[in-house]
>>> print(open('input.json').read())   # JSON, C-alpha atoms and all ligand atoms
[["chain", "number", "residue", "atom", "x", "y", "z"],
["A", 21, "MET", "CA", 10.70, -14.26, -8.19],
["A", 22, "GLY", "CA", 11.62, -10.59, -7.96],
["A", 23, "ARG", "CA", 9.53, -7.50, -8.14],
["A", 24, "ILE", "CA", 9.71, -4.03, -9.73],
["A", 25, "GLU", "CA", 8.15, -0.91, -8.28],
["A", 26, "ILE", "CA", 8.47, 2.61, -9.64],
["A", 27, "ILE", "CA", 7.71, 5.82, -7.76],
["A", 28, "CYS", "CA", 7.22, 8.73, -10.14],
["A", 29, "GLY", "CA", 5.83, 12.25, -10.34],
["A", 30, "PRO", "CA", 7.05, 15.84, -10.74],
["A", 31, "MET", "CA", 9.73, 17.69, -8.77],
["A", 32, "PHE", "CA", 8.89, 18.08, -5.05],
["A", 33, "SER", "CA", 6.25, 15.32, -5.12],
["A", 34, "GLY", "CA", 8.06, 13.31, -2.45],
["A", 35, "LYS", "CA", 9.62, 10.61, -4.64],
["A", 36, "THR", "CA", 12.91, 10.60, -2.78],
["A", 37, "GLU", "CA", 11.17, 10.75, 0.59],
["A", 38, "GLU", "CA", 9.04, 7.75, -0.35],
["A", 39, "LEU", "CA", 12.13, 5.84, -1.49],
["A", 40, "LEU", "CA", 13.93, 6.67, 1.77],
["A", 41, "ARG", "CA", 10.84, 5.68, 3.79],
["A", 42, "LYS", "CA", 10.92, 2.24, 2.20],
["A", 43, "ILE", "CA", 14.65, 1.97, 2.82],
["A", 44, "ASN", "CA", 14.13, 2.87, 6.44],
["A", 45, "ARG", "CA", 11.72, -0.07, 6.72],
["A", 46, "PHE", "CA", 14.34, -2.42, 5.25],
["A", 47, "LYS", "CA", 16.72, -1.27, 7.97],
["A", 48, "TYR", "CA", 14.18, -2.11, 10.69],
["A", 49, "SER", "CA", 13.58, -5.54, 9.18],
["A", 50, "LYS", "CA", 17.38, -6.04, 8.95],
["A", 51, "LYS", "CA", 17.25, -6.52, 5.17],
["A", 52, "GLU", "CA", 20.32, -5.42, 3.29],
["A", 53, "PHE", "CA", 19.89, -3.20, 0.26],
["A", 54, "LEU", "CA", 21.93, -1.43, -2.39],
["A", 55, "LEU", "CA", 21.03, 2.21, -3.00],
["A", 56, "PHE", "CA", 22.12, 3.89, -6.22],
["A", 57, "LYS", "CA", 22.03, 7.37, -7.59],
["A", 58, "PRO", "CA", 23.24, 8.76, -10.92],
["A", 59, "LYS", "CA", 26.40, 10.88, -10.66],
["A", 60, "ILE", "CA", 24.63, 13.67, -12.50],
["A", 61, "ASP", "CA", 22.48, 14.46, -9.45],
["A", 62, "VAL", "CA", 24.69, 16.52, -7.16],
["A", 63, "ARG", "CA", 22.09, 19.04, -6.05],
["A", 64, "TYR", "CA", 22.36, 18.61, -2.30],
["A", 65, "SER", "CA", 25.07, 16.02, -1.84],
["A", 66, "LYS", "CA", 27.53, 14.17, -4.04],
["A", 67, "SER", "CA", 27.31, 10.80, -2.38],
["A", 68, "LYS", "CA", 23.95, 10.74, -0.65],
["A", 69, "VAL", "CA", 20.39, 10.42, -1.83],
["A", 70, "THR", "CA", 18.86, 13.57, -0.36],
["A", 71, "SER", "CA", 15.27, 14.79, -0.37],
["A", 72, "HIS", "CA", 14.22, 18.43, -0.53],
["A", 73, "ASN", "CA", 13.58, 18.35, 3.19],
["A", 74, "LYS", "CA", 17.08, 16.97, 3.68],
["A", 75, "SER", "CA", 16.55, 13.38, 4.75],
["A", 76, "LYS", "CA", 19.49, 11.43, 3.36],
["A", 77, "GLU", "CA", 21.11, 8.07, 2.86],
["A", 78, "THR", "CA", 24.51, 7.10, 1.46],
["A", 79, "ALA", "CA", 24.35, 5.76, -2.09],
["A", 80, "HIS", "CA", 26.55, 4.13, -4.72],
["A", 81, "LEU", "CA", 27.22, 6.71, -7.43],
["A", 82, "ILE", "CA", 26.65, 5.32, -10.90],
["A", 83, "ASP", "CA", 26.37, 6.34, -14.54],
["A", 84, "THR", "CA", 25.04, 3.31, -16.33],
["A", 85, "ILE", "CA", 22.96, 0.20, -15.68],
["A", 86, "ASP", "CA", 26.20, -1.77, -16.11],
["A", 87, "ASP", "CA", 27.54, -0.03, -12.99],
["A", 88, "VAL", "CA", 24.43, -1.26, -11.13],
["A", 89, "LYS", "CA", 24.98, -4.82, -12.34],
["A", 90, "ARG", "CA", 28.68, -4.73, -11.46],
["A", 91, "ILE", "CA", 27.99, -3.59, -7.90],
["A", 92, "CYS", "CA", 25.23, -6.22, -7.56],
["A", 93, "GLU", "CA", 27.76, -8.88, -8.62],
["A", 94, "LYS", "CA", 30.09, -7.72, -5.84],
["A", 95, "HIS", "CA", 27.32, -8.10, -3.26],
["A", 96, "LYS", "CA", 25.71, -11.36, -4.37],
["A", 97, "ASP", "CA", 23.85, -11.87, -1.10],
["A", 98, "ILE", "CA", 21.96, -8.56, -1.31],
["A", 99, "LYS", "CA", 18.70, -8.87, -3.23],
["A", 100, "ILE", "CA", 17.15, -5.43, -2.80],
["A", 101, "ILE", "CA", 18.03, -2.60, -5.18],
["A", 102, "ALA", "CA", 16.84, 0.99, -4.87],
["A", 103, "VAL", "CA", 17.58, 3.68, -7.46],
["A", 104, "ASP", "CA", 16.79, 7.37, -7.16],
["A", 105, "GLU", "CA", 16.57, 9.66, -10.23],
["A", 106, "VAL", "CA", 16.29, 6.59, -12.43],
["A", 107, "GLN", "CA", 15.56, 8.79, -15.48],
["A", 108, "PHE", "CA", 19.28, 9.68, -15.59],
["A", 109, "ILE", "CA", 20.63, 6.12, -15.76],
["A", 110, "LYS", "CA", 22.30, 5.45, -19.06],
["A", 111, "SER", "CA", 21.95, 2.23, -20.99],
["A", 112, "ASN", "CA", 22.58, 1.29, -24.58],
["A", 113, "ARG", "CA", 19.75, -1.24, -24.41],
["A", 114, "PRO", "CA", 16.13, -0.62, -23.44],
["A", 115, "LEU", "CA", 16.54, -0.07, -19.69],
["A", 116, "TYR", "CA", 13.37, -1.97, -18.81],
["A", 117, "LEU", "CA", 14.94, -5.17, -20.17],
["A", 118, "ASP", "CA", 17.84, -4.80, -17.75],
["A", 119, "PHE", "CA", 15.44, -4.40, -14.85],
["A", 120, "LEU", "CA", 13.42, -7.41, -16.03],
["A", 121, "THR", "CA", 16.62, -9.48, -16.09],
["A", 122, "LEU", "CA", 17.37, -8.41, -12.53],
["A", 123, "LYS", "CA", 13.79, -9.19, -11.51],
["A", 124, "SER", "CA", 14.10, -12.70, -12.92],
["A", 125, "LYS", "CA", 17.25, -13.15, -10.85],
["A", 126, "GLY", "CA", 15.09, -12.53, -7.80],
["A", 127, "TYR", "CA", 15.81, -8.88, -7.11],
["A", 128, "GLU", "CA", 13.30, -6.64, -5.40],
["A", 129, "ILE", "CA", 13.73, -3.36, -7.29],
["A", 130, "ILE", "CA", 12.45, 0.03, -6.18],
["A", 131, "LEU", "CA", 12.91, 2.88, -8.62],
["A", 132, "SER", "CA", 12.17, 6.55, -8.18],
["A", 133, "GLY", "CA", 12.25, 9.26, -10.82],
["A", 134, "LEU", "CA", 10.63, 11.98, -12.87],
["A", 135, "ASP", "CA", 7.94, 10.80, -15.26],
["A", 136, "MET", "CA", 8.05, 13.93, -17.47],
["A", 137, "ASP", "CA", 10.49, 16.72, -18.17],
["A", 138, "TYR", "CA", 9.52, 20.39, -17.77],
["A", 139, "ARG", "CA", 8.03, 20.41, -21.28],
["A", 140, "GLY", "CA", 5.60, 17.67, -20.27],
["A", 141, "VAL", "CA", 7.42, 15.12, -22.45],
["A", 142, "PRO", "CA", 7.79, 11.66, -20.86],
["A", 143, "PHE", "CA", 11.40, 10.88, -20.02],
["A", 144, "PRO", "CA", 12.80, 8.24, -22.37],
["A", 145, "LEU", "CA", 12.76, 4.77, -20.76],
["A", 146, "ILE", "CA", 10.35, 5.69, -17.93],
["A", 147, "PRO", "CA", 7.07, 4.78, -19.70],
["A", 148, "GLU", "CA", 8.45, 1.31, -20.51],
["A", 149, "ILE", "CA", 9.48, 0.77, -16.93],
["A", 150, "MET", "CA", 6.03, 1.89, -15.76],
["A", 151, "ALA", "CA", 4.47, -0.63, -18.15],
["A", 152, "ILE", "CA", 6.47, -3.62, -16.93],
["A", 153, "ALA", "CA", 6.44, -2.64, -13.24],
["A", 154, "ASP", "CA", 4.50, -4.70, -10.70],
["A", 155, "GLU", "CA", 3.51, -1.46, -9.01],
["A", 156, "VAL", "CA", 3.47, 2.17, -10.12],
["A", 157, "ILE", "CA", 3.17, 4.90, -7.52],
["A", 158, "LYS", "CA", 2.40, 8.29, -9.04],
["A", 159, "LEU", "CA", 2.87, 11.11, -6.55],
["A", 160, "LYS", "CA", 1.78, 14.74, -6.71],
["A", 161, "ALA", "CA", 3.37, 17.89, -5.33],
["A", 162, "VAL", "CA", 1.50, 21.04, -4.30],
["A", 163, "CYS", "CA", 1.21, 23.65, -7.06],
["A", 164, "PHE", "CA", 3.56, 26.52, -6.19],
["A", 165, "ASP", "CA", 1.13, 28.98, -7.78],
["A", 166, "CYS", "CA", -2.35, 27.92, -6.65],
["A", 167, "GLY", "CA", -2.04, 25.16, -4.05],
["A", 168, "GLN", "CA", -3.83, 22.43, -6.02],
["A", 169, "ASP", "CA", -2.28, 19.03, -6.62],
["A", 170, "ALA", "CA", 0.63, 19.41, -9.02],
["A", 171, "GLY", "CA", 1.68, 16.84, -11.59],
["A", 172, "MET", "CA", 3.96, 18.99, -13.74],
["A", 173, "SER", "CA", 7.47, 20.41, -13.32],
["A", 174, "HIS", "CA", 8.20, 23.94, -14.53],
["A", 175, "LYS", "CA", 11.66, 25.23, -15.29],
["A", 176, "LEU", "CA", 12.39, 28.63, -13.84],
["A", 177, "LEU", "CA", 14.34, 30.83, -16.17],
["A", 178, "LYS", "CA", 14.28, 34.56, -15.46],
["A", 179, "GLU", "CA", 12.17, 33.97, -12.35],
["A", 180, "LYS", "CA", 15.02, 32.00, -10.83],
["A", 181, "GLU", "CA", 16.00, 34.61, -8.26],
["A", 182, "ILE", "CA", 12.42, 35.02, -6.97],
["A", 183, "VAL", "CA", 12.28, 31.44, -5.77],
["A", 184, "ASP", "CA", 14.14, 30.73, -2.60],
["A", 185, "ILE", "CA", 13.76, 27.05, -1.65],
["A", 186, "GLY", "CA", 17.07, 25.28, -1.19],
["A", 187, "ALA", "CA", 20.32, 26.28, -2.82],
["A", 188, "ASN", "CA", 20.04, 25.95, -6.57],
["A", 189, "GLU", "CA", 16.45, 25.10, -7.36],
["A", 190, "LYS", "CA", 15.69, 25.54, -10.98],
["A", 191, "TYR", "CA", 12.22, 24.06, -11.01],
["A", 192, "LYS", "CA", 8.86, 24.39, -9.42],
["A", 193, "ALA", "CA", 5.89, 22.05, -9.34],
["A", 194, "LEU", "CA", 2.68, 23.25, -10.98],
["A", 195, "CYS", "CA", -0.81, 21.88, -11.57],
["A", 196, "PHE", "CA", -1.70, 21.34, -15.21],
["A", 197, "LYS", "CA", -3.66, 24.61, -15.45],
["A", 198, "CYS", "CA", -0.89, 26.80, -14.01],
["A", 199, "TRP", "CA", 1.67, 24.92, -16.07],
["A", 200, "LYS", "CA", -0.35, 25.62, -19.26],
["A", 201, "ASN", "CA", -0.56, 29.29, -18.26],
["A", 202, "LYS", "CA", 3.24, 29.43, -18.40],
["A", 203, "GLY", "CA", 2.92, 28.67, -22.09],
["A", 204, "GLU", "CA", 3.99, 25.02, -22.07],
["B", 301, "LIG", "P1", 11.14, 14.70, -5.11],
["B", 301, "LIG", "O1", 12.18, 13.62, -4.91],
["B", 301, "LIG", "O2", 9.86, 14.19, -5.68],
["B", 301, "LIG", "O3", 11.66, 15.88, -5.91],
["B", 301, "LIG", "P2", 11.48, 15.06, -2.26],
["B", 301, "LIG", "O4", 11.10, 13.74, -1.69],
["B", 301, "LIG", "O5", 12.96, 15.34, -2.37],
["B", 301, "LIG", "O6", 10.76, 15.28, -3.66],
["B", 301, "LIG", "O7", 10.90, 16.24, -1.40],
["B", 301, "LIG", "C1", 9.57, 16.30, -0.99],
["B", 301, "LIG", "C2", 9.49, 17.44, 0.03],
["B", 301, "LIG", "O8", 9.65, 18.68, -0.64],
["B", 301, "LIG", "C3", 8.18, 17.58, 0.76],
["B", 301, "LIG", "O9", 8.07, 16.72, 1.85],
["B", 301, "LIG", "C4", 8.26, 19.02, 1.22],
["B", 301, "LIG", "O10", 8.98, 19.11, 2.44],
["B", 301, "LIG", "C5", 9.10, 19.70, 0.17],
["B", 301, "LIG", "N1", 8.37, 20.61, -0.72],
["B", 301, "LIG", "C6", 8.80, 21.84, -1.10],
["B", 301, "LIG", "N2", 7.93, 22.40, -1.95],
["B", 301, "LIG", "C7", 6.90, 21.53, -2.13],
["B", 301, "LIG", "C8", 5.68, 21.56, -2.90],
["B", 301, "LIG", "N3", 5.35, 22.59, -3.65],
["B", 301, "LIG", "N4", 4.89, 20.46, -2.88],
["B", 301, "LIG", "C9", 5.23, 19.41, -2.09],
["B", 301, "LIG", "N5", 6.35, 19.34, -1.35],
["B", 301, "LIG", "C10", 7.19, 20.39, -1.35],
["B", 302, "MG", "MG", 14.08, 13.34, -5.61],
["B", 303, "ZN", "ZN", -1.91, 25.59, -9.99]]
>>> encode(input="input.json", output="structure tokens", more="lines below")
Ligand code: ADP
Ligand code: MG
Ligand code: ZN
Amino acid sequence: MGRIEIICGPMFSGKTEELLRKINRFKYSKKEFLLFKPKIDVRYSKSKVTSHNKSKETAHLIDTIDDVKRICEKHKDIKIIAVDEVQFIKSNRPLYLDFLTLKSKGYEIILSGLDMDYRGVPFPLIPEIMAIADEVIKLKAVCFDCGQDAGMSHKLLKEKEIVDIGANEKYKALCFKCWKNKGE
């Protein structure tokens, strides 16, 4: 039987790094995997899953869960699927059902994505996946304002130019208190 694991948390919490760490282990154990990322995520690289500290790995670019299934069909012998930024995958069915179907086909599935948007609202589809997952890893960043553990993402609007991490960062990670202070 397969397995579903989801790595979640705010921006900068190390979700992509954790996904790439697991993938690196598959390489050492000579296990083949399929890595996917939604086309929408072109922050650092169009075709690679890239973390904020620039570790990277080539990925299949997809829009929908049907793209994932189609590529899996092409590579029938590969039974490990990894998806970064899973909150952006489109599906016209409840996405968790698609992942459950893949699990019952024997796939080991590792997902990584944001649990909440900058307003603190859970991303659609993510809570269901967390519920049906065999394992949920919830990571924390470091609060940009006070240095405590940060579980929230804050969207920079006018402050954009003050922040100078990477090319086009539009968000920062905040603890709940600092996030509340921003009026969320
Ligand atoms: P995510 O995918 O969760 O957005 P990444 O895995 O891409 O995060 O990046 C995590 C890396 O971001 C950390 O290892 C660190 O180098 C960097 N980083 C920058 N700002 C922060 C912060 N405030 N808290 C934690 N990590 C940060
Ligand atoms: Mg990431
Ligand atoms: Zn804080």
>>> closest_atom_pairs(input="input.json", of="stretch 64-163 of chain A", to="stretch 167-178 of chain A", cutoff="7 Å", atoms="all atoms listed in the file", output="CSV")
residue,atom,partner,partner_atom,distance
A:Asp137,CA,A:Ser173,CA,6.8
A:Tyr138,CA,A:Ser173,CA,4.9
A:Gly140,CA,A:Met172,CA,6.9
A:Lys160,CA,A:Gly171,CA,5.3
A:Ala161,CA,A:Ala170,CA,4.8
A:Val162,CA,A:Asp169,CA,4.9
A:Cys163,CA,A:Gly167,CA,4.7
>>> residues_near_ligand(input="input.json", ligand="ligand LIG 301 (chain B)", cutoff="10 Å", atoms="only C-alpha atoms and all ligand atoms", output="number ranges by chain")
A: 27-41, 64, 69-76, 104-105, 132-134, 159-171, 173, 185-186, 191-194
>>> closest_residue(input="input.json", among="A:Pro58, A:Gly126, A:Pro147, A:Pro142", to="ligand MG 302 (chain B)", atoms="all atoms listed in the file")
A:Pro58
>>> atom_distance(input="input.json", atom1="atom CA of A:Ile100", atom2="atom MG of ligand MG 302 (chain B)")
19.2 Å
>>> atom_distance(input="input.json", atom1="atom CA of A:Asn44", atom2="atom CA of A:Ser111")
28.5 Å
>>> residues_around(input="input.json", residues="A:Arg23", least_positions_apart="5", cutoff="7 Å", atoms="all atoms listed in the file", output="PyMOL selection string")
chain A and resi 123+127-129+154
>>> write_last_selection(input="input.json", atoms="C-alpha atoms", output="PDB file, in the frame of the given file")
ATOM      1  CA  LYS A 123      13.790  -9.190 -11.510  1.00  0.00           C
ATOM      2  CA  TYR A 127      15.810  -8.880  -7.110  1.00  0.00           C
ATOM      3  CA  GLU A 128      13.300  -6.640  -5.400  1.00  0.00           C
ATOM      4  CA  ILE A 129      13.730  -3.360  -7.290  1.00  0.00           C
ATOM      5  CA  ASP A 154       4.500  -4.700 -10.700  1.00  0.00           C
TER       6      ASP A 154
END
>>> residues_near_point(input="input.json", point="(18.1, 0.0, -20.3)", cutoff="12 Å", atoms="only C-alpha atoms", output="PyMOL selection string")
chain A and resi 83-89+106-122+144-146+148-149
>>> write_last_selection(input="input.json", atoms="C-alpha atoms", output="compact mmCIF listing (two decimals), keeping the file's coordinate frame")
# COMPACT_ATOMS: atom_id res chain seq x y z
CA ASP A 83 26.37 6.34 -14.54
CA THR A 84 25.04 3.31 -16.33
CA ILE A 85 22.96 0.20 -15.68
CA ASP A 86 26.20 -1.77 -16.11
CA ASP A 87 27.54 -0.03 -12.99
CA VAL A 88 24.43 -1.26 -11.13
CA LYS A 89 24.98 -4.82 -12.34
CA VAL A 106 16.29 6.59 -12.43
CA GLN A 107 15.56 8.79 -15.48
CA PHE A 108 19.28 9.68 -15.59
CA ILE A 109 20.63 6.12 -15.76
CA LYS A 110 22.30 5.45 -19.06
CA SER A 111 21.95 2.23 -20.99
CA ASN A 112 22.58 1.29 -24.58
CA ARG A 113 19.75 -1.24 -24.41
CA PRO A 114 16.13 -0.62 -23.44
CA LEU A 115 16.54 -0.07 -19.69
CA TYR A 116 13.37 -1.97 -18.81
CA LEU A 117 14.94 -5.17 -20.17
CA ASP A 118 17.84 -4.80 -17.75
CA PHE A 119 15.44 -4.40 -14.85
CA LEU A 120 13.42 -7.41 -16.03
CA THR A 121 16.62 -9.48 -16.09
CA LEU A 122 17.37 -8.41 -12.53
CA PRO A 144 12.80 8.24 -22.37
CA LEU A 145 12.76 4.77 -20.76
CA ILE A 146 10.35 5.69 -17.93
CA GLU A 148 8.45 1.31 -20.51
CA ILE A 149 9.48 0.77 -16.93
>>> decode(input="input.json", residues="stretch 117-144 of chain A", atoms="N, CA, C and O atoms", output="short mmCIF file (atom, residue, chain, number, x, y, z; two decimals), in the first residue's frame")
data_model
loop_
_atom_site.label_atom_id
_atom_site.label_comp_id
_atom_site.auth_asym_id
_atom_site.auth_seq_id
_atom_site.Cartn_x
_atom_site.Cartn_y
_atom_site.Cartn_z
N LEU A 117 -9.03 13.21 -2.82
CA LEU A 117 -9.50 11.93 -3.39
C LEU A 117 -8.54 11.43 -4.46
O LEU A 117 -8.27 10.23 -4.55
N ASP A 118 -8.01 12.36 -5.25
CA ASP A 118 -7.02 11.98 -6.27
C ASP A 118 -5.78 11.38 -5.61
O ASP A 118 -5.25 10.37 -6.07
N PHE A 119 -5.33 12.02 -4.53
CA PHE A 119 -4.14 11.49 -3.86
C PHE A 119 -4.43 10.15 -3.21
O PHE A 119 -3.56 9.27 -3.18
N LEU A 120 -5.66 9.98 -2.68
CA LEU A 120 -6.02 8.68 -2.09
C LEU A 120 -6.02 7.58 -3.15
O LEU A 120 -5.60 6.45 -2.90
N THR A 121 -6.51 7.93 -4.35
CA THR A 121 -6.50 6.95 -5.45
C THR A 121 -5.08 6.54 -5.78
O THR A 121 -4.78 5.35 -5.94
N LEU A 122 -4.19 7.54 -5.84
CA LEU A 122 -2.78 7.23 -6.13
C LEU A 122 -2.18 6.39 -5.01
O LEU A 122 -1.43 5.45 -5.26
N LYS A 123 -2.53 6.73 -3.77
CA LYS A 123 -2.02 5.94 -2.64
C LYS A 123 -2.46 4.48 -2.77
O LYS A 123 -1.67 3.56 -2.57
N SER A 124 -3.73 4.28 -3.14
CA SER A 124 -4.19 2.89 -3.22
C SER A 124 -3.57 2.14 -4.39
O SER A 124 -3.59 0.91 -4.44
N LYS A 125 -3.00 2.89 -5.34
CA LYS A 125 -2.25 2.24 -6.42
C LYS A 125 -0.81 1.94 -5.99
O LYS A 125 0.00 1.47 -6.78
N GLY A 126 -0.48 2.29 -4.76
CA GLY A 126 0.84 1.95 -4.23
C GLY A 126 1.85 3.08 -4.23
O GLY A 126 3.02 2.87 -3.92
N TYR A 127 1.42 4.28 -4.58
CA TYR A 127 2.36 5.39 -4.65
C TYR A 127 2.75 5.90 -3.27
O TYR A 127 1.90 6.03 -2.39
N GLU A 128 4.04 6.21 -3.12
CA GLU A 128 4.51 6.96 -1.97
C GLU A 128 4.48 8.43 -2.39
O GLU A 128 5.13 8.81 -3.37
N ILE A 129 3.70 9.23 -1.68
CA ILE A 129 3.43 10.61 -2.12
C ILE A 129 3.93 11.59 -1.06
O ILE A 129 3.54 11.50 0.11
N ILE A 130 4.79 12.51 -1.48
CA ILE A 130 5.28 13.53 -0.56
C ILE A 130 4.87 14.89 -1.11
O ILE A 130 5.23 15.25 -2.24
N LEU A 131 4.10 15.62 -0.33
CA LEU A 131 3.57 16.90 -0.77
C LEU A 131 4.15 18.00 0.10
O LEU A 131 4.44 17.78 1.28
N SER A 132 4.30 19.17 -0.48
CA SER A 132 4.82 20.30 0.27
C SER A 132 4.05 21.54 -0.14
O SER A 132 3.79 21.74 -1.33
N GLY A 133 3.64 22.34 0.82
CA GLY A 133 2.89 23.54 0.44
C GLY A 133 2.49 24.40 1.62
O GLY A 133 2.67 24.05 2.78
N LEU A 134 1.95 25.57 1.27
CA LEU A 134 1.49 26.51 2.29
C LEU A 134 0.21 26.00 2.92
O LEU A 134 -0.69 25.53 2.22
N ASP A 135 0.12 26.09 4.25
CA ASP A 135 -1.14 25.70 4.89
C ASP A 135 -2.15 26.84 4.89
O ASP A 135 -3.34 26.61 4.77
N MET A 136 -1.66 28.09 5.02
CA MET A 136 -2.56 29.25 5.05
C MET A 136 -2.07 30.33 4.10
O MET A 136 -0.87 30.44 3.86
N ASP A 137 -3.00 31.16 3.64
CA ASP A 137 -2.57 32.33 2.86
C ASP A 137 -2.19 33.46 3.82
O ASP A 137 -2.24 33.29 5.04
N TYR A 138 -1.84 34.62 3.27
CA TYR A 138 -1.34 35.71 4.14
C TYR A 138 -2.42 36.27 5.07
O TYR A 138 -2.11 36.93 6.05
N ARG A 139 -3.70 35.96 4.75
CA ARG A 139 -4.78 36.41 5.64
C ARG A 139 -5.01 35.44 6.79
O ARG A 139 -5.90 35.61 7.60
N GLY A 140 -4.27 34.34 6.80
CA GLY A 140 -4.46 33.32 7.83
C GLY A 140 -5.59 32.37 7.49
O GLY A 140 -6.04 31.60 8.35
N VAL A 141 -6.05 32.39 6.24
CA VAL A 141 -7.14 31.51 5.81
C VAL A 141 -6.52 30.23 5.24
O VAL A 141 -5.63 30.31 4.38
N PRO A 142 -6.95 29.05 5.72
CA PRO A 142 -6.39 27.81 5.15
C PRO A 142 -6.59 27.77 3.63
O PRO A 142 -7.65 28.14 3.14
N PHE A 143 -5.57 27.33 2.93
CA PHE A 143 -5.70 27.17 1.48
C PHE A 143 -6.74 26.10 1.20
O PHE A 143 -6.77 25.07 1.89
N PRO A 144 -7.61 26.30 0.21
CA PRO A 144 -8.58 25.26 -0.12
C PRO A 144 -7.82 23.97 -0.42
O PRO A 144 -6.71 24.03 -0.95
#
